[in-house]
Amino acid sequence: MNLAGALVYWVIIAIWLAVLITVAVAYYKNPRTFGGTRLLLIVVGIDTARNVIENFYFGLYWGAQYGVFSASLIPVLGKPYLLIIPKIINVLAASLVIGLLLLRWLPMALRERKIAESEIRQTSEALAQEMEEHRRLFETSVDIIIVTDSDRVITRISRSCAALLGYEPAEMTGRYGGEFVAAANTETLRNELILCRQGEAIRNFQCDLIHKNGSLVPVALTGVWSDQAQRFFMIGRDMTEQKAVEKKLTDLAHFDQLTKLPNRISLLNDLNNPERKNANAVVAMFDLDGFKDVNDTLGHLVGDKLLTEVARRMAALVPDNGRMYRLGGDEFVFVIPDSRDPMIATSIADTILKSLEQRFEIDGHRIYIGASAGIVFAPADGTDADDLIANADLALYEAKASGGRKYRLFARTMRAKAKARHEMEGEIRRAFSENEFVLHFQPQIQLSDGAVVGAEALLRWQHPQKGLLAPAAFIDALAQSPTALEVGNWILQNACATGEAWRAMGLPVRMSVNLFPAQFHDEIISAQVDAALKTSGLPPELLEIEITENIALNNDDTKIVALHALRARGVGLAFDDFGTGHASLSCVRRYPLTRIKIDRSFIQNIDSNSSAEETAVASSIIAMAHHLGLSVTAEGVETASQAAFLQSKGCHEVQGYFYARPLPKEKFEQFLGEWPKKRRIA
């Protein structure tokens, strides 16, 4: 043993002290980290103390031997009983460590074993519960669960197959799965299974399974392939309700729910079908005449029932190869593919129109309506749905503009007319906003004494470029324009104000006013007439409303009620242009008329040499009016012989160029002042 050997003991002491200090510092800085290793810290402390004491002893002893420490330490430290003390300390330290292990580590080990056993038990119970849940899921699943081998033979199937397919599980187990797949889906399902074995999962594959009773059940299959188990695992969800919902949604999207006819979307799809592009087809669009009045007077419930009955009648008259659609509202369309024969198209349209003129019995109401139609031929009049529908609509417009209850074939000139009409409507709106409309007045002469008893207010347009325009240039477009209601009210207001001004001047004359069809609704006509009379102060008996045939043709009870109310207030009601339409005689008794105005066409050919045949119509109208207690005014009187003839037949009043042209307000007032001096009596 030399000095270096003695120093080893001191190095060992330093190392063990460093270990102890390191562990102590680490524990001090983060007790929670060392919370589970306190026993280790105690053991290390004990062993460190033992090593320090033992090595301190030998370090002193051998240090004294080699002169590092005082030699007097050698006899003290070299005593035999001191040499045994380190060994005793080693034994005590080892015993203490073993005791600590027994006291701490053994209970901990037992506790950990119990924890491990508890975890194993819990895992086993959870696994058993999971297996039980899987079993119950398999047995109680509403969806059908299928397990097949690599040859697609069913090895296991859930009990839900009984409810879905009518088979018990035992009836399907062991059989080839393809037996239960509809033939139309067999090939595609086989391809899906091949891809599934290559690692691609089957997701919501739509197919039909065969029920035990032979019916097809739509299902959505989702499945995977297990290489380890060599099995296909699939779940099939019953899609019957979803398919029914999808069909209902499809019906909602493509069929009118009221009439059950295909709707506009179906029409567009059919006309735009790529397979039928440039193919021959007849397209006819229908619009009901007077349907709005049915809704307004009898209610929408009756209107809906009427539409249903109209659809039934129309569909029954369309050939088997044709199809009827409802576009919406009271618009219908029929399409006959592979046809371009005008005779067939017009014959069907005419039959439908005549059928719709027949009486409808709805909830105890006898309803009479009519319809108009526009007809186009593909591909001559259009190759896509938009063109065909637009052109059919133009033809329909022409049919309605010419009186309605008829059909018109599309012609290229209609588009130009529509463009001109659109431009005219814009001009009319501008003209009204810039006060370009003016009223002229034509005197109405009493034949018995030649007195001016009335004036008809006639609209004129003082155009900034074209000058003064007569009604023939714009009145039809104005009547169908959205501006008609405003212009009509303006005419009524100004005519009443003018009539009251003349009455205040001591020139009381009856003011006759032509209203537009848009004004002939219960609330509108009543409100406008009341407002005009109230604002102007004109007595009701000095106002006369003229009704045209287009208005009379619409059998609207609300209009008649409104006119009765006006008549009860004293307002006169005249039937204008009488005798020119088929509805005239039938309407005379329905409306509370006070006057009939004979159309100028029955007067213009009368002269001193006219035969009885040439004057028969005028004579008959006058005679009929006398029997009904109505006054008669003849329009278009241009000669003295015409006036003389009318007076001889008992006609009460006349108006025409023989007396005066329509005059502006100021000139009419001048005419009233001068007329007594030059009045003409036939």
# chains A, B, ... in the order shown; residues from 1 in each chain; ligands from 1
>>> select_by_dssp(residues="region 219-403 of chain A", states="strand (DSSP E or B)", output="PyMOL selection string")
chain A and resi 219-226+231-238+255+262+281-289+323-328+331-337+360-362+365-367+370-378
>>> residues_around(residues="region 336-340 of chain A", least_positions_apart="4", cutoff="6 Å", atoms="only C-alpha atoms", output="PyMOL selection string")
chain A and resi 280-282+322+377
>>> atom_distance(atom1="CA of Leu301 (chain A)", atom2="CA of Tyr368 (chain A)")
16.5 Å
>>> residues_around(residues="region 471-480 of chain A", least_positions_apart="6", cutoff="10 Å", atoms="only C-alpha atoms", output="PyMOL selection string")
chain A and resi 401+420-422+424-425+427-429+458-461+487-488+515-518
>>> write_last_selection(atoms="N, CA, C and O atoms", output="PDB file, in the first residue's frame")
ATOM      1  N   ALA A 401    -104.356  39.041 -77.729  1.00  0.00           N
ATOM      2  CA  ALA A 401    -104.541  40.411 -78.204  1.00  0.00           C
ATOM      3  C   ALA A 401    -105.643  40.500 -79.254  1.00  0.00           C
ATOM      4  O   ALA A 401    -106.266  41.552 -79.424  1.00  0.00           O
ATOM      5  N   ALA A 420     -91.336  46.105 -80.797  1.00  0.00           N
ATOM      6  CA  ALA A 420     -91.967  47.417 -80.955  1.00  0.00           C
ATOM      7  C   ALA A 420     -92.926  47.701 -79.802  1.00  0.00           C
ATOM      8  O   ALA A 420     -93.004  48.835 -79.306  1.00  0.00           O
ATOM      9  N   ARG A 421     -93.630  46.649 -79.345  1.00  0.00           N
ATOM     10  CA  ARG A 421     -94.561  46.818 -78.230  1.00  0.00           C
ATOM     11  C   ARG A 421     -93.799  47.177 -76.951  1.00  0.00           C
ATOM     12  O   ARG A 421     -94.230  48.038 -76.180  1.00  0.00           O
ATOM     13  N   HIS A 422     -92.675  46.511 -76.757  1.00  0.00           N
ATOM     14  CA  HIS A 422     -91.862  46.813 -75.579  1.00  0.00           C
ATOM     15  C   HIS A 422     -91.367  48.257 -75.615  1.00  0.00           C
ATOM     16  O   HIS A 422     -91.391  48.964 -74.594  1.00  0.00           O
ATOM     17  N   MET A 424     -92.804  50.635 -77.228  1.00  0.00           N
ATOM     18  CA  MET A 424     -93.977  51.493 -77.056  1.00  0.00           C
ATOM     19  C   MET A 424     -94.349  51.626 -75.578  1.00  0.00           C
ATOM     20  O   MET A 424     -94.702  52.717 -75.106  1.00  0.00           O
ATOM     21  N   GLU A 425     -94.250  50.519 -74.828  1.00  0.00           N
ATOM     22  CA  GLU A 425     -94.553  50.573 -73.400  1.00  0.00           C
ATOM     23  C   GLU A 425     -93.607  51.525 -72.686  1.00  0.00           C
ATOM     24  O   GLU A 425     -94.011  52.277 -71.798  1.00  0.00           O
ATOM     25  N   GLU A 427     -92.129  54.094 -74.088  1.00  0.00           N
ATOM     26  CA  GLU A 427     -92.528  55.433 -74.513  1.00  0.00           C
ATOM     27  C   GLU A 427     -93.768  55.905 -73.759  1.00  0.00           C
ATOM     28  O   GLU A 427     -93.875  57.066 -73.371  1.00  0.00           O
ATOM     29  N   ILE A 428     -94.698  54.961 -73.533  1.00  0.00           N
ATOM     30  CA  ILE A 428     -95.932  55.317 -72.827  1.00  0.00           C
ATOM     31  C   ILE A 428     -95.624  55.731 -71.391  1.00  0.00           C
ATOM     32  O   ILE A 428     -96.159  56.723 -70.880  1.00  0.00           O
ATOM     33  N   ARG A 429     -94.750  54.969 -70.732  1.00  0.00           N
ATOM     34  CA  ARG A 429     -94.379  55.340 -69.358  1.00  0.00           C
ATOM     35  C   ARG A 429     -93.724  56.721 -69.325  1.00  0.00           C
ATOM     36  O   ARG A 429     -94.008  57.532 -68.433  1.00  0.00           O
ATOM     37  N   LEU A 458    -111.879  61.669 -74.928  1.00  0.00           N
ATOM     38  CA  LEU A 458    -111.049  60.808 -75.776  1.00  0.00           C
ATOM     39  C   LEU A 458    -109.583  61.171 -75.576  1.00  0.00           C
ATOM     40  O   LEU A 458    -109.204  62.344 -75.606  1.00  0.00           O
ATOM     41  N   LEU A 459    -108.742  60.134 -75.389  1.00  0.00           N
ATOM     42  CA  LEU A 459    -107.330  60.343 -75.090  1.00  0.00           C
ATOM     43  C   LEU A 459    -106.542  60.641 -76.360  1.00  0.00           C
ATOM     44  O   LEU A 459    -106.755  60.022 -77.406  1.00  0.00           O
ATOM     45  N   ARG A 460    -105.617  61.596 -76.254  1.00  0.00           N
ATOM     46  CA  ARG A 460    -104.691  61.908 -77.334  1.00  0.00           C
ATOM     47  C   ARG A 460    -103.283  61.995 -76.736  1.00  0.00           C
ATOM     48  O   ARG A 460    -103.108  62.277 -75.560  1.00  0.00           O
ATOM     49  N   TRP A 461    -102.290  61.781 -77.612  1.00  0.00           N
ATOM     50  CA  TRP A 461    -100.893  61.824 -77.176  1.00  0.00           C
ATOM     51  C   TRP A 461    -100.177  62.936 -77.943  1.00  0.00           C
ATOM     52  O   TRP A 461    -100.008  62.852 -79.157  1.00  0.00           O
ATOM     53  N   VAL A 487    -102.964  55.751 -66.024  1.00  0.00           N
ATOM     54  CA  VAL A 487    -103.484  56.620 -67.074  1.00  0.00           C
ATOM     55  C   VAL A 487    -105.010  56.662 -67.015  1.00  0.00           C
ATOM     56  O   VAL A 487    -105.634  57.722 -67.158  1.00  0.00           O
ATOM     57  N   GLY A 488    -105.635  55.485 -66.797  1.00  0.00           N
ATOM     58  CA  GLY A 488    -107.093  55.437 -66.712  1.00  0.00           C
ATOM     59  C   GLY A 488    -107.621  56.295 -65.583  1.00  0.00           C
ATOM     60  O   GLY A 488    -108.634  57.002 -65.734  1.00  0.00           O
ATOM     61  N   LEU A 515    -112.999  53.493 -69.734  1.00  0.00           N
ATOM     62  CA  LEU A 515    -111.990  53.003 -68.803  1.00  0.00           C
ATOM     63  C   LEU A 515    -111.275  51.781 -69.393  1.00  0.00           C
ATOM     64  O   LEU A 515    -111.806  51.085 -70.264  1.00  0.00           O
ATOM     65  N   PHE A 516    -110.080  51.535 -68.904  1.00  0.00           N
ATOM     66  CA  PHE A 516    -109.309  50.361 -69.342  1.00  0.00           C
ATOM     67  C   PHE A 516    -109.761  49.122 -68.571  1.00  0.00           C
ATOM     68  O   PHE A 516    -110.242  49.225 -67.427  1.00  0.00           O
ATOM     69  N   PRO A 517    -109.597  47.934 -69.164  1.00  0.00           N
ATOM     70  CA  PRO A 517    -109.986  46.696 -68.454  1.00  0.00           C
ATOM     71  C   PRO A 517    -109.333  46.566 -67.082  1.00  0.00           C
ATOM     72  O   PRO A 517    -109.933  46.017 -66.160  1.00  0.00           O
ATOM     73  N   ALA A 518    -108.102  47.078 -66.933  1.00  0.00           N
ATOM     74  CA  ALA A 518    -107.396  46.957 -65.648  1.00  0.00           C
ATOM     75  C   ALA A 518    -108.136  47.680 -64.525  1.00  0.00           C
ATOM     76  O   ALA A 518    -107.951  47.356 -63.348  1.00  0.00           O
TER      77      ALA A 518
END
>>> residues_around(residues="Asp384 (chain A)", least_positions_apart="5", cutoff="9 Å", atoms="only C-alpha atoms", output="list in words")
Leu268, Leu271, Asn272, Asn273, Lys277, Asn278, Ala378, Pro379 and Ile389 of chain A
>>> write_last_selection(atoms="N, CA, C and O atoms", output="PDB file, in the first residue's frame")
ATOM      1  N   LEU A 268     -88.363  21.894 -69.487  1.00  0.00           N
ATOM      2  CA  LEU A 268     -87.032  22.339 -69.926  1.00  0.00           C
ATOM      3  C   LEU A 268     -86.119  21.148 -70.166  1.00  0.00           C
ATOM      4  O   LEU A 268     -85.372  21.109 -71.156  1.00  0.00           O
ATOM      5  N   LEU A 271     -87.290  19.357 -73.443  1.00  0.00           N
ATOM      6  CA  LEU A 271     -86.999  20.105 -74.670  1.00  0.00           C
ATOM      7  C   LEU A 271     -85.497  20.247 -74.906  1.00  0.00           C
ATOM      8  O   LEU A 271     -85.064  20.364 -76.059  1.00  0.00           O
ATOM      9  N   ASN A 272     -84.709  20.237 -73.817  1.00  0.00           N
ATOM     10  CA  ASN A 272     -83.256  20.373 -73.964  1.00  0.00           C
ATOM     11  C   ASN A 272     -82.529  19.037 -73.972  1.00  0.00           C
ATOM     12  O   ASN A 272     -81.298  18.999 -73.908  1.00  0.00           O
ATOM     13  N   ASN A 273     -83.279  17.948 -74.046  1.00  0.00           N
ATOM     14  CA  ASN A 273     -82.664  16.617 -74.082  1.00  0.00           C
ATOM     15  C   ASN A 273     -81.728  16.517 -75.292  1.00  0.00           C
ATOM     16  O   ASN A 273     -82.157  16.687 -76.437  1.00  0.00           O
ATOM     17  N   LYS A 277     -82.193  16.933 -79.754  1.00  0.00           N
ATOM     18  CA  LYS A 277     -81.790  18.211 -80.341  1.00  0.00           C
ATOM     19  C   LYS A 277     -82.042  18.172 -81.855  1.00  0.00           C
ATOM     20  O   LYS A 277     -81.677  17.219 -82.538  1.00  0.00           O
ATOM     21  N   ASN A 278     -82.667  19.236 -82.338  1.00  0.00           N
ATOM     22  CA  ASN A 278     -83.017  19.387 -83.762  1.00  0.00           C
ATOM     23  C   ASN A 278     -84.083  18.393 -84.228  1.00  0.00           C
ATOM     24  O   ASN A 278     -84.295  18.241 -85.432  1.00  0.00           O
ATOM     25  N   ALA A 378     -90.707  22.832 -83.559  1.00  0.00           N
ATOM     26  CA  ALA A 378     -89.254  22.636 -83.501  1.00  0.00           C
ATOM     27  C   ALA A 378     -88.849  21.727 -84.661  1.00  0.00           C
ATOM     28  O   ALA A 378     -89.581  20.805 -85.027  1.00  0.00           O
ATOM     29  N   PRO A 379     -87.677  21.966 -85.251  1.00  0.00           N
ATOM     30  CA  PRO A 379     -86.681  22.987 -84.898  1.00  0.00           C
ATOM     31  C   PRO A 379     -86.848  24.313 -85.661  1.00  0.00           C
ATOM     32  O   PRO A 379     -86.020  25.204 -85.489  1.00  0.00           O
ATOM     33  N   ILE A 389     -90.200  28.196 -75.889  1.00  0.00           N
ATOM     34  CA  ILE A 389     -91.167  28.751 -74.931  1.00  0.00           C
ATOM     35  C   ILE A 389     -91.399  30.237 -75.199  1.00  0.00           C
ATOM     36  O   ILE A 389     -92.533  30.728 -75.163  1.00  0.00           O
TER      37      ILE A 389
END
>>> atom_distance(atom1="CA of Glu669 (chain A)", atom2="CA of Gly572 (chain A)")
22.7 Å
>>> closest_residue(among="A:Glu456, A:Val302, A:Ala311, A:Val217", to="Glu241 (chain A)", atoms="only C-alpha atoms")
A:Val217
>>> residues_around(residues="region 502-511 of chain A", least_positions_apart="3", cutoff="9 Å", atoms="only C-alpha atoms", output="MDAnalysis selection string")
chainID A and resid 444 452:457 495:499 538 541:545 669 672:673
>>> write_last_selection(atoms="all heavy atoms", output="compact mmCIF listing (two decimals), in the first residue's frame")
# COMPACT_ATOMS: atom_id res chain seq x y z
N GLN A 444 -121.94 65.07 -77.92
CA GLN A 444 -123.03 64.13 -78.18
C GLN A 444 -124.32 64.96 -78.26
O GLN A 444 -124.65 65.71 -77.34
CB GLN A 444 -123.10 63.09 -77.05
CG GLN A 444 -121.85 62.21 -77.01
CD GLN A 444 -121.79 61.31 -75.78
OE1 GLN A 444 -122.32 61.67 -74.72
NE2 GLN A 444 -121.14 60.18 -75.92
N VAL A 452 -126.56 70.00 -77.19
CA VAL A 452 -125.39 69.23 -76.75
C VAL A 452 -125.68 68.72 -75.34
O VAL A 452 -125.77 69.51 -74.39
CB VAL A 452 -124.12 70.09 -76.77
CG1 VAL A 452 -122.93 69.28 -76.25
CG2 VAL A 452 -123.84 70.62 -78.16
N VAL A 453 -125.84 67.41 -75.20
CA VAL A 453 -126.20 66.85 -73.90
C VAL A 453 -125.05 66.06 -73.27
O VAL A 453 -125.12 65.68 -72.10
CB VAL A 453 -127.43 65.93 -74.02
CG1 VAL A 453 -128.66 66.76 -74.38
CG2 VAL A 453 -127.20 64.84 -75.05
N GLY A 454 -124.03 65.80 -74.07
CA GLY A 454 -122.93 65.01 -73.52
C GLY A 454 -121.63 65.25 -74.27
O GLY A 454 -121.60 65.89 -75.33
N ALA A 455 -120.57 64.73 -73.68
CA ALA A 455 -119.26 64.81 -74.31
C ALA A 455 -118.50 63.53 -73.97
O ALA A 455 -118.50 63.08 -72.82
CB ALA A 455 -118.49 66.02 -73.80
N GLU A 456 -117.88 62.93 -74.97
CA GLU A 456 -117.06 61.75 -74.73
C GLU A 456 -115.60 62.17 -74.62
O GLU A 456 -115.06 62.81 -75.53
CB GLU A 456 -117.22 60.71 -75.84
CG GLU A 456 -116.40 59.45 -75.58
CD GLU A 456 -116.60 58.37 -76.63
OE1 GLU A 456 -117.33 58.61 -77.62
OE2 GLU A 456 -116.02 57.28 -76.47
N ALA A 457 -114.98 61.84 -73.49
CA ALA A 457 -113.57 62.17 -73.28
C ALA A 457 -112.71 61.16 -74.04
O ALA A 457 -112.82 59.95 -73.82
CB ALA A 457 -113.24 62.15 -71.79
N ALA A 495 -111.40 64.15 -66.65
CA ALA A 495 -112.71 64.27 -67.30
C ALA A 495 -113.75 64.80 -66.31
O ALA A 495 -114.56 65.69 -66.63
CB ALA A 495 -113.14 62.91 -67.85
N CYS A 496 -113.74 64.28 -65.07
CA CYS A 496 -114.70 64.75 -64.06
C CYS A 496 -114.43 66.21 -63.70
O CYS A 496 -115.37 67.01 -63.54
CB CYS A 496 -114.62 63.87 -62.81
SG CYS A 496 -115.30 62.21 -63.05
N ALA A 497 -113.15 66.57 -63.58
CA ALA A 497 -112.81 67.96 -63.26
C ALA A 497 -113.27 68.90 -64.37
O ALA A 497 -113.80 70.00 -64.11
CB ALA A 497 -111.31 68.09 -63.03
N THR A 498 -113.10 68.47 -65.62
CA THR A 498 -113.54 69.29 -66.76
C THR A 498 -115.06 69.42 -66.79
O THR A 498 -115.61 70.52 -67.01
CB THR A 498 -113.03 68.67 -68.07
OG1 THR A 498 -111.60 68.59 -68.04
CG2 THR A 498 -113.47 69.51 -69.27
N GLY A 499 -115.75 68.28 -66.55
CA GLY A 499 -117.21 68.32 -66.54
C GLY A 499 -117.74 69.25 -65.47
O GLY A 499 -118.71 70.00 -65.68
N LEU A 538 -118.22 66.83 -59.28
CA LEU A 538 -119.18 66.54 -60.35
C LEU A 538 -120.29 65.65 -59.82
O LEU A 538 -120.03 64.63 -59.19
CB LEU A 538 -118.46 65.84 -61.51
CG LEU A 538 -119.31 65.52 -62.74
CD1 LEU A 538 -119.66 66.81 -63.49
CD2 LEU A 538 -118.58 64.55 -63.67
N GLU A 541 -124.78 61.90 -61.65
CA GLU A 541 -125.64 61.76 -62.84
C GLU A 541 -125.03 62.40 -64.08
O GLU A 541 -125.51 62.16 -65.19
CB GLU A 541 -127.03 62.35 -62.56
CG GLU A 541 -127.03 63.81 -62.16
CD GLU A 541 -126.91 64.02 -60.66
OE1 GLU A 541 -126.54 63.03 -59.96
OE2 GLU A 541 -127.20 65.13 -60.19
N LEU A 542 -123.97 63.19 -63.92
CA LEU A 542 -123.30 63.78 -65.08
C LEU A 542 -122.07 62.97 -65.50
O LEU A 542 -121.29 63.42 -66.34
CB LEU A 542 -122.89 65.22 -64.79
CG LEU A 542 -124.04 66.23 -64.67
CD1 LEU A 542 -123.49 67.63 -64.46
CD2 LEU A 542 -124.92 66.19 -65.92
N LEU A 543 -121.91 61.78 -64.92
CA LEU A 543 -120.80 60.90 -65.30
C LEU A 543 -121.37 59.62 -65.90
O LEU A 543 -122.32 59.04 -65.37
CB LEU A 543 -119.92 60.56 -64.09
CG LEU A 543 -118.79 59.54 -64.35
CD1 LEU A 543 -117.78 60.09 -65.35
CD2 LEU A 543 -118.10 59.17 -63.04
N GLU A 544 -120.80 59.22 -67.03
CA GLU A 544 -121.22 57.98 -67.68
C GLU A 544 -119.97 57.15 -67.98
O GLU A 544 -119.01 57.63 -68.58
CB GLU A 544 -121.98 58.28 -68.97
CG GLU A 544 -122.53 57.04 -69.65
CD GLU A 544 -123.39 57.40 -70.87
OE1 GLU A 544 -122.81 57.69 -71.93
OE2 GLU A 544 -124.63 57.42 -70.73
N ILE A 545 -119.98 55.88 -67.52
CA ILE A 545 -118.87 54.97 -67.75
C ILE A 545 -119.21 54.09 -68.95
O ILE A 545 -120.29 53.50 -69.01
CB ILE A 545 -118.61 54.07 -66.52
CG1 ILE A 545 -118.32 54.93 -65.29
CG2 ILE A 545 -117.46 53.11 -66.79
CD1 ILE A 545 -117.09 55.77 -65.40
N GLU A 669 -115.19 74.22 -75.30
CA GLU A 669 -115.94 75.27 -74.61
C GLU A 669 -116.43 76.32 -75.60
O GLU A 669 -117.56 76.83 -75.51
CB GLU A 669 -115.07 75.91 -73.53
CG GLU A 669 -114.74 74.96 -72.39
CD GLU A 669 -113.70 75.53 -71.44
OE1 GLU A 669 -113.21 76.65 -71.71
OE2 GLU A 669 -113.37 74.86 -70.44
N LEU A 672 -119.36 74.89 -77.41
CA LEU A 672 -120.59 74.96 -76.61
C LEU A 672 -121.22 76.35 -76.66
O LEU A 672 -122.45 76.50 -76.69
CB LEU A 672 -120.29 74.58 -75.15
CG LEU A 672 -119.99 73.11 -74.85
CD1 LEU A 672 -119.64 72.92 -73.37
CD2 LEU A 672 -121.16 72.22 -75.23
N GLY A 673 -120.37 77.37 -76.70
CA GLY A 673 -120.89 78.75 -76.74
C GLY A 673 -121.49 79.09 -78.08
O GLY A 673 -122.46 79.86 -78.17
>>> residues_around(residues="Thr308 (chain A)", least_positions_apart="2", cutoff="12 Å", atoms="only C-alpha atoms", output="PDB file with N, CA and C atoms, in the first residue's frame")
ATOM      1  N   ASP A 256     -95.878  19.209 -60.837  1.00  0.00           N
ATOM      2  CA  ASP A 256     -96.736  20.172 -60.163  1.00  0.00           C
ATOM      3  C   ASP A 256     -97.581  19.427 -59.140  1.00  0.00           C
ATOM      4  N   GLN A 257     -97.531  19.853 -57.891  1.00  0.00           N
ATOM      5  CA  GLN A 257     -98.203  19.122 -56.825  1.00  0.00           C
ATOM      6  C   GLN A 257     -99.713  19.287 -56.840  1.00  0.00           C
ATOM      7  N   LEU A 258    -100.211  20.321 -57.501  1.00  0.00           N
ATOM      8  CA  LEU A 258    -101.660  20.518 -57.554  1.00  0.00           C
ATOM      9  C   LEU A 258    -102.292  19.653 -58.633  1.00  0.00           C
ATOM     10  N   THR A 259    -101.773  19.742 -59.834  1.00  0.00           N
ATOM     11  CA  THR A 259    -102.384  19.032 -60.966  1.00  0.00           C
ATOM     12  C   THR A 259    -101.730  17.692 -61.259  1.00  0.00           C
ATOM     13  N   LYS A 260    -100.561  17.429 -60.634  1.00  0.00           N
ATOM     14  CA  LYS A 260     -99.778  16.212 -60.864  1.00  0.00           C
ATOM     15  C   LYS A 260     -99.187  16.140 -62.267  1.00  0.00           C
ATOM     16  N   LEU A 261     -99.269  17.235 -62.994  1.00  0.00           N
ATOM     17  CA  LEU A 261     -98.635  17.286 -64.312  1.00  0.00           C
ATOM     18  C   LEU A 261     -97.151  17.598 -64.163  1.00  0.00           C
ATOM     19  N   LEU A 301    -109.210  28.369 -53.209  1.00  0.00           N
ATOM     20  CA  LEU A 301    -109.530  26.946 -53.109  1.00  0.00           C
ATOM     21  C   LEU A 301    -110.323  26.496 -54.327  1.00  0.00           C
ATOM     22  N   VAL A 302    -111.336  27.271 -54.694  1.00  0.00           N
ATOM     23  CA  VAL A 302    -112.102  26.951 -55.903  1.00  0.00           C
ATOM     24  C   VAL A 302    -111.204  27.078 -57.127  1.00  0.00           C
ATOM     25  N   GLY A 303    -110.318  28.100 -57.128  1.00  0.00           N
ATOM     26  CA  GLY A 303    -109.398  28.262 -58.242  1.00  0.00           C
ATOM     27  C   GLY A 303    -108.487  27.057 -58.413  1.00  0.00           C
ATOM     28  N   ASP A 304    -107.993  26.515 -57.289  1.00  0.00           N
ATOM     29  CA  ASP A 304    -107.130  25.328 -57.363  1.00  0.00           C
ATOM     30  C   ASP A 304    -107.898  24.126 -57.906  1.00  0.00           C
ATOM     31  N   LYS A 305    -109.124  23.955 -57.457  1.00  0.00           N
ATOM     32  CA  LYS A 305    -109.930  22.838 -57.966  1.00  0.00           C
ATOM     33  C   LYS A 305    -110.223  23.009 -59.451  1.00  0.00           C
ATOM     34  N   LEU A 306    -110.436  24.254 -59.856  1.00  0.00           N
ATOM     35  CA  LEU A 306    -110.661  24.516 -61.274  1.00  0.00           C
ATOM     36  C   LEU A 306    -109.425  24.153 -62.089  1.00  0.00           C
ATOM     37  N   VAL A 310    -109.188  21.571 -65.112  1.00  0.00           N
ATOM     38  CA  VAL A 310    -108.661  22.009 -66.410  1.00  0.00           C
ATOM     39  C   VAL A 310    -107.539  21.085 -66.858  1.00  0.00           C
ATOM     40  N   ALA A 311    -106.624  20.761 -65.951  1.00  0.00           N
ATOM     41  CA  ALA A 311    -105.507  19.869 -66.274  1.00  0.00           C
ATOM     42  C   ALA A 311    -106.018  18.503 -66.715  1.00  0.00           C
ATOM     43  N   ARG A 312    -107.046  18.010 -66.028  1.00  0.00           N
ATOM     44  CA  ARG A 312    -107.599  16.702 -66.394  1.00  0.00           C
ATOM     45  C   ARG A 312    -108.184  16.726 -67.805  1.00  0.00           C
ATOM     46  N   ARG A 313    -108.945  17.775 -68.094  1.00  0.00           N
ATOM     47  CA  ARG A 313    -109.540  17.875 -69.440  1.00  0.00           C
ATOM     48  C   ARG A 313    -108.469  17.968 -70.520  1.00  0.00           C
ATOM     49  N   MET A 314    -107.484  18.810 -70.270  1.00  0.00           N
ATOM     50  CA  MET A 314    -106.459  19.032 -71.288  1.00  0.00           C
ATOM     51  C   MET A 314    -105.624  17.770 -71.515  1.00  0.00           C
ATOM     52  N   ALA A 315    -105.206  17.133 -70.427  1.00  0.00           N
ATOM     53  CA  ALA A 315    -104.365  15.948 -70.547  1.00  0.00           C
ATOM     54  C   ALA A 315    -105.093  14.825 -71.279  1.00  0.00           C
ATOM     55  N   ARG A 326     -97.678  21.774 -66.677  1.00  0.00           N
ATOM     56  CA  ARG A 326     -98.161  23.021 -66.103  1.00  0.00           C
ATOM     57  C   ARG A 326     -96.944  23.886 -65.766  1.00  0.00           C
ATOM     58  N   GLY A 329     -99.187  28.985 -62.340  1.00  0.00           N
ATOM     59  CA  GLY A 329    -100.364  29.830 -62.508  1.00  0.00           C
ATOM     60  C   GLY A 329    -101.398  29.133 -63.364  1.00  0.00           C
ATOM     61  N   ASP A 330    -101.863  29.816 -64.396  1.00  0.00           N
ATOM     62  CA  ASP A 330    -102.853  29.215 -65.295  1.00  0.00           C
ATOM     63  C   ASP A 330    -102.255  28.972 -66.677  1.00  0.00           C
ATOM     64  N   PHE A 332    -100.326  26.372 -69.287  1.00  0.00           N
ATOM     65  CA  PHE A 332    -100.101  24.961 -69.577  1.00  0.00           C
ATOM     66  C   PHE A 332     -99.410  24.831 -70.934  1.00  0.00           C
ATOM     67  N   PHE A 360    -117.763  24.359 -66.140  1.00  0.00           N
ATOM     68  CA  PHE A 360    -117.127  23.617 -65.054  1.00  0.00           C
ATOM     69  C   PHE A 360    -118.031  23.689 -63.833  1.00  0.00           C
ATOM     70  N   ILE A 362    -117.795  23.385 -59.984  1.00  0.00           N
ATOM     71  CA  ILE A 362    -116.841  23.331 -58.878  1.00  0.00           C
ATOM     72  C   ILE A 362    -117.540  23.795 -57.601  1.00  0.00           C
TER      73      ILE A 362
END
>>> closest_residue(among="A:Gln647, A:Glu500, A:Glu398, A:His440", to="Ser619 (chain A)", atoms="only C-alpha atoms")
A:Gln647
>>> atom_distance(atom1="CA of Pro662 (chain A)", atom2="CA of Ile598 (chain A)")
17.9 Å
>>> select_by_dssp(residues="region 563-613 of chain A", states="helix (DSSP H, G or I)", output="PyMOL selection string")
chain A and resi 563-569+584-588+600-602+612-613
>>> closest_residue(among="A:Trp225, A:Phe410, A:Phe233, A:Tyr57", to="Ala284 (chain A)", atoms="only C-alpha atoms")
A:Phe410
>>> closest_residue(among="A:Ile202, A:Asn191, A:Gln230, A:Lys597", to="Asp151 (chain A)", atoms="only C-alpha atoms")
A:Gln230
